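Asker: Just passing along the structure, written as structure tokens.
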Amino acid sequence: MPLLTNLPLDITIDQVLLGQGADPRVIRARRPRLVAAAERALAEGLPLLAPRVVYEQLAVREVRHERILLENGHALTGPLVAGQLMSAQSVVVLLCTVGDAIEKLSLRALESDPVHSLALYGVGSAATEALSTAACRYFGQQAAEQGLLTTVPLSPGLEGWPVERGQPEIFRILDAAAIGVELLPSFLMRPVKSTSLVVGVSKHIDTSAHICDFCSRRYTCSFQEQYKE
Ligand code: SF4
């Protein structure tokens, strides 16, 4: 099963702050100490990151009754994937992780230096996000070279694709152990700093959708504009 192990991670300090659940504009204006903590954590955390992606690109065999049947006999099901992937010619199913070293360091620092611990946590979250963005960009470029488009990336947990449905569907398709990821009975992943997603590939795709459109937090989340920047 193919792996990607050399995707570039482009992580900014603002992304580290966002990864801590903080608003970078507010933090920069009122809590410069936290900006310095994010800078320190990023410098310390970068060498610990081990970005790896395992993926499979599969042709769509059939779309029926909210079910995307793939060439290998596995299916992605539910209203979200059926709606967004209905015109896809193929689907890239992928799993990304940055490993568990950053998470372990964050946990070790929790008691002695909670601010540093949280900043390291933010680095891990930002790195995971950066890796999935880089992977989607990679597949977007591959598709573009063939005159094709890609959909917005869809992850289990978005509206219409609950984790208890989507995670097993993805893990049935991929060799998660190849990058050291396992699915827990809770449907969370270990290492925590991992993400699973699917991307549709086709000549005719509505590219106007944004991930926030399918997120249950979109009515209250204040990060949407920054997330889109
Ligand atoms: S609404 Fe958008 S920015 Fe906010 S949590 Fe959901 S996906 Fe993230």
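Chain labels run A, B, ... following the order of the structure tokens; each chain numbers its residues from 1, and ligands are numbered from 1 in the order shown.
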Return as a PyMOL selection string every polymer residue, whether protein, DNA or RNA, with at least one atom no more than 10 Å from an atom of ligand 1; count only C-alpha atoms and all ligand atoms.
Answerer: chain A and resi 18+21+158+210-228
Asker: Per residue of range 192-227 of chain A within 7 Å of range 148-155 of chain A, what are the shortest atom pair and its distance in Å to one decimal, counting only C-alpha atoms, with rows by chain and residue number, as CSV?
Answerer:
```
residue,atom,partner,partner_atom,distance
A:Ser196,CA,A:Ser155,CA,5.9
A:Leu197,CA,A:Ser155,CA,4.4
A:Val198,CA,A:Leu154,CA,5.3
A:Val199,CA,A:Pro153,CA,4.9
A:Gly200,CA,A:Thr151,CA,5.1
A:Val201,CA,A:Thr150,CA,4.6
A:Ser202,CA,A:Leu148,CA,5.3
A:Lys203,CA,A:Leu148,CA,4.6
A:Ile205,CA,A:Leu149,CA,6.4
A:Thr207,CA,A:Thr151,CA,6.0
A:Ala209,CA,A:Val152,CA,6.5
A:His210,CA,A:Val152,CA,6.3
A:Ile211,CA,A:Val152,CA,6.5
```
Asker: Can I get the selection written as a JSON list (two decimals), in the first residue's frame, with all heavy atoms?
Answerer:
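Output below, filename result.json:
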```json
[["chain", "number", "residue", "atom", "x", "y", "z"],
["A", 196, "SER", "N", -7.98, 11.07, 9.51],
["A", 196, "SER", "CA", -8.40, 10.18, 8.42],
["A", 196, "SER", "C", -9.34, 10.96, 7.51],
["A", 196, "SER", "O", -10.15, 11.75, 8.00],
["A", 196, "SER", "CB", -9.10, 8.95, 8.98],
["A", 196, "SER", "OG", -10.18, 9.34, 9.81],
["A", 197, "LEU", "N", -9.24, 10.74, 6.22],
["A", 197, "LEU", "CA", -10.09, 11.50, 5.31],
["A", 197, "LEU", "C", -10.21, 10.83, 3.94],
["A", 197, "LEU", "O", -9.45, 9.91, 3.63],
["A", 197, "LEU", "CB", -9.57, 12.93, 5.14],
["A", 197, "LEU", "CG", -8.12, 13.17, 4.81],
["A", 197, "LEU", "CD1", -7.98, 14.41, 3.94],
["A", 197, "LEU", "CD2", -7.31, 13.40, 6.07],
["A", 198, "VAL", "N", -11.17, 11.31, 3.19],
["A", 198, "VAL", "CA", -11.34, 10.85, 1.80],
["A", 198, "VAL", "C", -11.49, 12.08, 0.91],
["A", 198, "VAL", "O", -12.00, 13.12, 1.33],
["A", 198, "VAL", "CB", -12.57, 9.92, 1.63],
["A", 198, "VAL", "CG1", -12.43, 8.68, 2.49],
["A", 198, "VAL", "CG2", -13.86, 10.64, 1.94],
["A", 199, "VAL", "N", -11.02, 11.93, -0.32],
["A", 199, "VAL", "CA", -11.10, 13.01, -1.31],
["A", 199, "VAL", "C", -11.59, 12.40, -2.62],
["A", 199, "VAL", "O", -11.04, 11.38, -3.07],
["A", 199, "VAL", "CB", -9.72, 13.66, -1.53],
["A", 199, "VAL", "CG1", -9.78, 14.71, -2.63],
["A", 199, "VAL", "CG2", -9.19, 14.30, -0.25],
["A", 200, "GLY", "N", -12.60, 13.00, -3.20],
["A", 200, "GLY", "CA", -13.09, 12.53, -4.49],
["A", 200, "GLY", "C", -12.31, 13.17, -5.63],
["A", 200, "GLY", "O", -11.87, 14.32, -5.53],
["A", 201, "VAL", "N", -12.16, 12.40, -6.73],
["A", 201, "VAL", "CA", -11.42, 12.90, -7.91],
["A", 201, "VAL", "C", -12.31, 12.70, -9.14],
["A", 201, "VAL", "O", -12.83, 11.60, -9.36],
["A", 201, "VAL", "CB", -10.11, 12.12, -8.11],
["A", 201, "VAL", "CG1", -9.34, 12.65, -9.32],
["A", 201, "VAL", "CG2", -9.24, 12.17, -6.86],
["A", 202, "SER", "N", -12.48, 13.77, -9.89],
["A", 202, "SER", "CA", -13.32, 13.66, -11.08],
["A", 202, "SER", "C", -13.14, 14.87, -11.99],
["A", 202, "SER", "O", -12.52, 15.86, -11.60],
["A", 202, "SER", "CB", -14.80, 13.57, -10.68],
["A", 202, "SER", "OG", -15.60, 13.36, -11.83],
["A", 203, "LYS", "N", -13.67, 14.76, -13.18],
["A", 203, "LYS", "CA", -13.60, 15.88, -14.14],
["A", 203, "LYS", "C", -14.61, 16.96, -13.76],
["A", 203, "LYS", "O", -14.35, 18.14, -13.93],
["A", 203, "LYS", "CB", -13.89, 15.35, -15.55],
["A", 203, "LYS", "CG", -13.34, 16.22, -16.65],
["A", 203, "LYS", "CD", -13.41, 15.49, -17.97],
["A", 203, "LYS", "CE", -12.83, 16.30, -19.11],
["A", 203, "LYS", "NZ", -11.41, 16.60, -18.95],
["A", 205, "ILE", "N", -16.69, 18.40, -10.69],
["A", 205, "ILE", "CA", -16.90, 18.39, -9.25],
["A", 205, "ILE", "C", -17.22, 19.81, -8.80],
["A", 205, "ILE", "O", -16.64, 20.78, -9.31],
["A", 205, "ILE", "CB", -15.63, 17.86, -8.52],
["A", 205, "ILE", "CG1", -15.72, 16.33, -8.42],
["A", 205, "ILE", "CG2", -15.45, 18.47, -7.16],
["A", 205, "ILE", "CD1", -14.51, 15.69, -7.80],
["A", 207, "THR", "N", -16.50, 22.50, -6.64],
["A", 207, "THR", "CA", -15.35, 22.81, -5.77],
["A", 207, "THR", "C", -15.66, 23.98, -4.82],
["A", 207, "THR", "O", -14.75, 24.48, -4.16],
["A", 207, "THR", "CB", -14.11, 23.14, -6.62],
["A", 207, "THR", "OG1", -14.46, 24.21, -7.51],
["A", 207, "THR", "CG2", -13.62, 21.94, -7.41],
["A", 209, "ALA", "N", -17.60, 23.94, -2.14],
["A", 209, "ALA", "CA", -17.86, 23.55, -0.75],
["A", 209, "ALA", "C", -16.63, 23.81, 0.12],
["A", 209, "ALA", "O", -15.49, 23.76, -0.36],
["A", 209, "ALA", "CB", -18.25, 22.08, -0.69],
["A", 210, "HIS", "N", -16.87, 24.09, 1.38],
["A", 210, "HIS", "CA", -15.78, 24.23, 2.36],
["A", 210, "HIS", "C", -16.06, 23.30, 3.52],
["A", 210, "HIS", "O", -17.22, 23.03, 3.85],
["A", 210, "HIS", "CB", -15.69, 25.68, 2.85],
["A", 210, "HIS", "CG", -14.49, 25.93, 3.69],
["A", 210, "HIS", "ND1", -14.48, 25.73, 5.06],
["A", 210, "HIS", "CD2", -13.24, 26.32, 3.37],
["A", 210, "HIS", "CE1", -13.28, 26.00, 5.53],
["A", 210, "HIS", "NE2", -12.51, 26.37, 4.52],
["A", 211, "ILE", "N", -14.98, 22.83, 4.13],
["A", 211, "ILE", "CA", -15.12, 21.86, 5.22],
["A", 211, "ILE", "C", -16.06, 22.36, 6.32],
["A", 211, "ILE", "O", -16.83, 21.58, 6.90],
["A", 211, "ILE", "CB", -13.70, 21.54, 5.79],
["A", 211, "ILE", "CG1", -13.73, 20.28, 6.63],
["A", 211, "ILE", "CG2", -13.11, 22.66, 6.54],
["A", 211, "ILE", "CD1", -13.77, 19.05, 5.83]]
```
Asker: Which residues are near Leu188 in chain A? Cut-off 12 Å, only C-alpha atoms, ignore same chain within fewer than 3 positions. Put them as a ChimeraX atom specification.
Answerer: /A:156-157,162-164,166-168,171,181-185,191-196
Asker: Hey, which bits of range 32-76 of chain A sit within 8 Å of range 174-177 of chain A, and for each residue what's the closest pair of atoms and how far apart in Å (one decimal), counting only C-alpha atoms, rows by chain and increasing number, as a tab-separated table?
Answerer:
```
residue	atom	partner	partner_atom	distance
A:Val54	CA	A:Ala176	CA	7.1
A:Tyr55	CA	A:Leu174	CA	6.6
A:Glu56	CA	A:Leu174	CA	6.9
```
Asker: Please write the residues from the selection above to a file, keeping N, CA and C atoms, as a short mmCIF file (atom, residue, chain, number, x, y, z; two decimals), in the first residue's frame.
Answerer:
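So again_37.cif came out as:
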```
data_model
loop_
_atom_site.label_atom_id
_atom_site.label_comp_id
_atom_site.auth_asym_id
_atom_site.auth_seq_id
_atom_site.Cartn_x
_atom_site.Cartn_y
_atom_site.Cartn_z
N VAL A 54 -0.57 7.03 4.70
CA VAL A 54 -0.85 5.83 3.92
C VAL A 54 -2.15 6.08 3.16
N TYR A 55 -2.18 5.64 1.92
CA TYR A 55 -3.38 5.94 1.14
C TYR A 55 -3.66 4.85 0.11
N GLU A 56 -4.86 4.93 -0.42
CA GLU A 56 -5.26 4.05 -1.52
C GLU A 56 -6.19 4.87 -2.41
#
```
Asker: Any idea what the distance is between CA of Gln57 in chain A and CA of Ser90 in chain A?
Answerer: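 For CA of Gln57 in chain A relative to CA of Ser90 in chain A, the distance reads 6.7 Å.
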Asker: Write out as a list in words each polymer residue whose atoms come within 12 Å of Tyr138 in chain A, counting only C-alpha atoms; drop sequence neighbours fewer than 5 positions from it.
Answerer: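 Result of the neighbour search: Leu4, Asn6, Leu7, Pro8, Val53, Tyr55, Val92, Leu94, Leu131, Ser132, Thr133, Ala143, Ala144, Glu145, Thr150 and Val199 of chain A.
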Asker: Convert the current residue selection to file output with N, CA, C and O atoms, as a PDB file, in the first residue's frame.
Answerer:
```
ATOM      1  N   LEU A   4       3.348   8.102   1.838  1.00  0.00           N
ATOM      2  CA  LEU A   4       4.024   9.376   1.590  1.00  0.00           C
ATOM      3  C   LEU A   4       4.739   9.743   2.886  1.00  0.00           C
ATOM      4  O   LEU A   4       4.100   9.819   3.948  1.00  0.00           O
ATOM      5  N   ASN A   6       7.498  12.180   2.829  1.00  0.00           N
ATOM      6  CA  ASN A   6       8.344  13.371   2.681  1.00  0.00           C
ATOM      7  C   ASN A   6       7.546  14.618   2.310  1.00  0.00           C
ATOM      8  O   ASN A   6       8.070  15.518   1.662  1.00  0.00           O
ATOM      9  N   LEU A   7       6.283  14.657   2.741  1.00  0.00           N
ATOM     10  CA  LEU A   7       5.506  15.864   2.459  1.00  0.00           C
ATOM     11  C   LEU A   7       6.006  17.004   3.351  1.00  0.00           C
ATOM     12  O   LEU A   7       6.282  16.799   4.526  1.00  0.00           O
ATOM     13  N   PRO A   8       6.110  18.217   2.787  1.00  0.00           N
ATOM     14  CA  PRO A   8       6.602  19.342   3.592  1.00  0.00           C
ATOM     15  C   PRO A   8       5.533  19.805   4.589  1.00  0.00           C
ATOM     16  O   PRO A   8       4.343  19.856   4.249  1.00  0.00           O
ATOM     17  N   VAL A  53       1.917   9.266   5.680  1.00  0.00           N
ATOM     18  CA  VAL A  53       0.569   9.128   5.109  1.00  0.00           C
ATOM     19  C   VAL A  53       0.485   7.774   4.422  1.00  0.00           C
ATOM     20  O   VAL A  53       1.385   7.408   3.661  1.00  0.00           O
ATOM     21  N   TYR A  55      -2.183   5.638   1.916  1.00  0.00           N
ATOM     22  CA  TYR A  55      -3.376   5.943   1.136  1.00  0.00           C
ATOM     23  C   TYR A  55      -3.656   4.851   0.106  1.00  0.00           C
ATOM     24  O   TYR A  55      -2.798   4.012  -0.201  1.00  0.00           O
ATOM     25  N   VAL A  92      -9.676   8.978  -3.163  1.00  0.00           N
ATOM     26  CA  VAL A  92      -8.435   8.746  -2.422  1.00  0.00           C
ATOM     27  C   VAL A  92      -8.816   8.636  -0.947  1.00  0.00           C
ATOM     28  O   VAL A  92      -9.419   9.552  -0.385  1.00  0.00           O
ATOM     29  N   LEU A  94      -7.289   8.257   2.768  1.00  0.00           N
ATOM     30  CA  LEU A  94      -5.966   8.443   3.360  1.00  0.00           C
ATOM     31  C   LEU A  94      -6.004   8.627   4.862  1.00  0.00           C
ATOM     32  O   LEU A  94      -7.013   9.038   5.425  1.00  0.00           O
ATOM     33  N   LEU A 131      -0.165  18.483   7.738  1.00  0.00           N
ATOM     34  CA  LEU A 131       0.105  17.261   6.975  1.00  0.00           C
ATOM     35  C   LEU A 131      -1.093  16.890   6.098  1.00  0.00           C
ATOM     36  O   LEU A 131      -0.924  16.542   4.926  1.00  0.00           O
ATOM     37  N   SER A 132      -2.286  16.970   6.657  1.00  0.00           N
ATOM     38  CA  SER A 132      -3.450  16.614   5.830  1.00  0.00           C
ATOM     39  C   SER A 132      -3.631  17.637   4.705  1.00  0.00           C
ATOM     40  O   SER A 132      -4.004  17.283   3.581  1.00  0.00           O
ATOM     41  N   THR A 133      -3.311  18.901   4.993  1.00  0.00           N
ATOM     42  CA  THR A 133      -3.392  19.929   3.941  1.00  0.00           C
ATOM     43  C   THR A 133      -2.372  19.626   2.837  1.00  0.00           C
ATOM     44  O   THR A 133      -2.682  19.706   1.641  1.00  0.00           O
ATOM     45  N   ALA A 143      -4.181  15.192  -9.557  1.00  0.00           N
ATOM     46  CA  ALA A 143      -5.427  15.206 -10.325  1.00  0.00           C
ATOM     47  C   ALA A 143      -5.356  16.266 -11.422  1.00  0.00           C
ATOM     48  O   ALA A 143      -5.741  16.012 -12.578  1.00  0.00           O
ATOM     49  N   ALA A 144      -4.836  17.438 -11.058  1.00  0.00           N
ATOM     50  CA  ALA A 144      -4.777  18.543 -12.021  1.00  0.00           C
ATOM     51  C   ALA A 144      -3.928  18.173 -13.236  1.00  0.00           C
ATOM     52  O   ALA A 144      -4.228  18.581 -14.369  1.00  0.00           O
ATOM     53  N   GLU A 145      -2.867  17.392 -13.014  1.00  0.00           N
ATOM     54  CA  GLU A 145      -2.012  16.971 -14.135  1.00  0.00           C
ATOM     55  C   GLU A 145      -2.775  16.117 -15.141  1.00  0.00           C
ATOM     56  O   GLU A 145      -2.389  15.991 -16.293  1.00  0.00           O
ATOM     57  N   THR A 150     -10.454  17.845  -7.467  1.00  0.00           N
ATOM     58  CA  THR A 150     -10.677  17.077  -6.233  1.00  0.00           C
ATOM     59  C   THR A 150     -11.727  17.785  -5.377  1.00  0.00           C
ATOM     60  O   THR A 150     -11.863  19.011  -5.416  1.00  0.00           O
ATOM     61  N   VAL A 199     -11.020  11.932  -0.317  1.00  0.00           N
ATOM     62  CA  VAL A 199     -11.105  13.015  -1.313  1.00  0.00           C
ATOM     63  C   VAL A 199     -11.590  12.400  -2.616  1.00  0.00           C
ATOM     64  O   VAL A 199     -11.042  11.382  -3.071  1.00  0.00           O
TER      65      VAL A 199
END
```
